[in-house]
Amino acid sequence: MNTKHAFSLGVTHISKDPGSTLSFDLVGYIDDLKVGSSYVGRNTEIEVSGIAEAVHGGILISGHIVTSWGGECRRCLEDASGRIDVSVRELFERQDKDSGPSLDTDTYRYVGEVLDLRDMVKDQVLLELPIAPLCKTECRGLCVHCGVNLNQAQCDCELSIRDPRWNVLDALLDKDR
Ligand SMILES: [Zn+2]
Ligand SMILES: [Zn+2]
């Protein structure tokens, strides 16, 4: 597979005929997809599939982006991972070769008969990556005293490491009872 062009979509067959559609299913890889401690690896497949529809002035892309992410759990620092499956609906505007850069950066653009979906895929995946991932929602994290992973073991810190000054308070509380 030519990864360089993995997210390129030729639209020659529909571009002159508004309302006509083309289904597509592309798989590729993108470097540098990272937010906080979570990322999509450079060797992780990213699949984008859906329908391209010719509309006035461009091509409307509707579909799904599917991939998986890895990272470090914010509580226990072990590996965390998950799946991304996000819906997309974006308009790609056709741009004339000599019209120069547009001030409007909110829409994706293309020249000629080929759309490059890479920027759209990148933008959407970055939005979906968890900034502070968890290995599982009920992760118990590390003990703040001894560092043991509380998902794997139980420590006695809560009982044994207590500030001796609490003993005085305990005594007072006991007296009140
Ligand atoms: Zn964890
Ligand atoms: Zn502990």
# chains A, B, ... in the order shown; residues from 1 in each chain; ligands from 1
>>> residues_near_ligand(ligand="ligand 1", cutoff="10 Å", atoms="only C-alpha atoms and all ligand atoms", output="PyMOL selection string")
chain A and resi 72-80+133-142+149-151
>>> write_last_selection(atoms="C-alpha atoms", output="compact mmCIF listing (two decimals), in the first residue's frame")
# COMPACT_ATOMS: atom_id res chain seq x y z
CA GLU A 72 -0.56 5.79 30.27
CA CYS A 73 -3.24 5.54 32.94
CA ARG A 74 -3.37 8.80 34.90
CA ARG A 75 -3.91 6.95 38.19
CA CYS A 76 -1.76 3.80 38.11
CA LEU A 77 0.67 4.70 35.27
CA GLU A 78 0.13 1.29 33.62
CA ASP A 79 -0.80 0.95 29.95
CA ALA A 80 -4.20 2.21 28.97
CA PRO A 133 -6.69 8.36 30.11
CA LEU A 134 -7.65 5.64 32.56
CA CYS A 135 -6.80 1.93 32.18
CA LYS A 136 -10.34 1.26 33.41
CA THR A 137 -12.96 3.51 34.94
CA GLU A 138 -12.65 1.86 38.36
CA CYS A 139 -8.82 2.04 38.45
CA ARG A 140 -7.73 2.36 42.09
CA GLY A 141 -4.38 3.98 41.30
CA LEU A 142 -1.21 3.91 43.34
CA ASN A 149 -0.54 -0.51 42.51
CA LEU A 150 -3.82 -0.86 44.39
CA ASN A 151 -5.36 -2.72 41.44
>>> closest_atom_pairs(of="chain A", to="ligand 2", cutoff="9 Å", atoms="only C-alpha atoms and all ligand atoms", output="tab-separated table")
residue	atom	partner	partner_atom_place_in_ligand_line	distance
A:Leu142	CA	ligand 2	1 (Zn)	7.8
A:Cys143	CA	ligand 2	1 (Zn)	4.5
A:Val144	CA	ligand 2	1 (Zn)	6.5
A:His145	CA	ligand 2	1 (Zn)	4.9
A:Cys146	CA	ligand 2	1 (Zn)	4.0
A:Gly147	CA	ligand 2	1 (Zn)	5.9
A:Val148	CA	ligand 2	1 (Zn)	5.7
A:Asn149	CA	ligand 2	1 (Zn)	8.5
A:Leu150	CA	ligand 2	1 (Zn)	8.2
A:Gln154	CA	ligand 2	1 (Zn)	7.4
A:Cys155	CA	ligand 2	1 (Zn)	4.6
A:Asp156	CA	ligand 2	1 (Zn)	5.9
A:Cys157	CA	ligand 2	1 (Zn)	4.3
A:Glu158	CA	ligand 2	1 (Zn)	7.0
A:Ile161	CA	ligand 2	1 (Zn)	8.6
>>> select_by_dssp(residues="range 3-142 of chain A", states="strand (DSSP E or B)", output="VMD selection string")
chain A and resid 8 to 10 21 to 28 33 to 35 38 to 40 46 to 55 58 to 72 79 to 94 108 to 110 114 to 116 142
>>> atom_distance(atom1="CA of Leu91 in chain A", atom2="CA of Ile61 in chain A")
6.1 Å
>>> closest_residue(among="A:Gln152, A:Ser87, A:Thr12, A:Ser49", to="Leu127 in chain A", atoms="only C-alpha atoms")
A:Ser87
>>> closest_residue(among="A:Ala132, A:Leu60, A:Val66, A:Leu26", to="Thr107 in chain A", atoms="only C-alpha atoms")
A:Leu60
>>> residues_around(residues="Lys16 in chain A", least_positions_apart="3", cutoff="10 Å", atoms="only C-alpha atoms", output="ChimeraX atom specification")
/A:11-13,19-20,54-56,58,113
>>> closest_residue(among="A:Ile46, A:Ala153, A:Leu117, A:Val111", to="Phe7 in chain A", atoms="only C-alpha atoms")
A:Leu117
>>> closest_atom_pairs(of="range 49-165 of chain A", to="range 36-40 of chain A", cutoff="6 Å", atoms="only C-alpha atoms", output="Markdown table")
| residue | atom | partner | partner_atom | distance |
| --- | --- | --- | --- | --- |
| A:Trp69 | CA | A:Val40 | CA | 4.7 |
| A:Gly70 | CA | A:Tyr39 | CA | 5.6 |
| A:Gly71 | CA | A:Ser38 | CA | 4.1 |
| A:Glu72 | CA | A:Ser37 | CA | 5.9 |
| A:Ile131 | CA | A:Gly36 | CA | 5.1 |
>>> write_last_selection(atoms="all heavy atoms", output="short mmCIF file (atom, residue, chain, number, x, y, z; two decimals), in the first residue's frame")
data_model
loop_
_atom_site.label_atom_id
_atom_site.label_comp_id
_atom_site.auth_asym_id
_atom_site.auth_seq_id
_atom_site.Cartn_x
_atom_site.Cartn_y
_atom_site.Cartn_z
N TRP A 69 -6.25 3.68 20.37
CA TRP A 69 -5.22 4.51 20.98
C TRP A 69 -4.56 3.76 22.14
O TRP A 69 -5.10 2.80 22.68
CB TRP A 69 -5.80 5.84 21.47
CG TRP A 69 -6.91 5.71 22.48
CD1 TRP A 69 -8.26 5.67 22.21
CD2 TRP A 69 -6.78 5.59 23.91
NE1 TRP A 69 -8.96 5.51 23.39
CE2 TRP A 69 -8.09 5.47 24.44
CE3 TRP A 69 -5.70 5.56 24.79
CZ2 TRP A 69 -8.33 5.33 25.81
CZ3 TRP A 69 -5.95 5.42 26.15
CH2 TRP A 69 -7.25 5.31 26.64
N GLY A 70 -3.38 4.24 22.49
CA GLY A 70 -2.67 3.72 23.66
C GLY A 70 -2.24 4.90 24.51
O GLY A 70 -2.25 6.04 24.06
N GLY A 71 -1.86 4.61 25.74
CA GLY A 71 -1.43 5.70 26.61
C GLY A 71 -1.07 5.20 27.98
O GLY A 71 -0.92 3.99 28.19
N GLU A 72 -0.94 6.12 28.90
CA GLU A 72 -0.56 5.79 30.27
C GLU A 72 -1.70 6.21 31.20
O GLU A 72 -2.14 7.36 31.17
CB GLU A 72 0.72 6.55 30.62
CG GLU A 72 1.27 6.22 31.98
CD GLU A 72 2.56 7.01 32.26
OE1 GLU A 72 2.46 8.21 32.53
OE2 GLU A 72 3.64 6.41 32.20
N ILE A 131 -7.29 13.13 27.05
CA ILE A 131 -6.15 13.91 27.55
C ILE A 131 -5.51 13.23 28.76
O ILE A 131 -4.30 13.21 28.91
CB ILE A 131 -6.61 15.34 27.89
CG1 ILE A 131 -6.98 16.08 26.60
CG2 ILE A 131 -5.52 16.10 28.64
CD1 ILE A 131 -7.72 17.37 26.84
#
>>> select_by_dssp(residues="chain A", states="helix (DSSP H, G or I)", output="number ranges by chain")
A: 3-5, 118-128, 157-160, 165-176
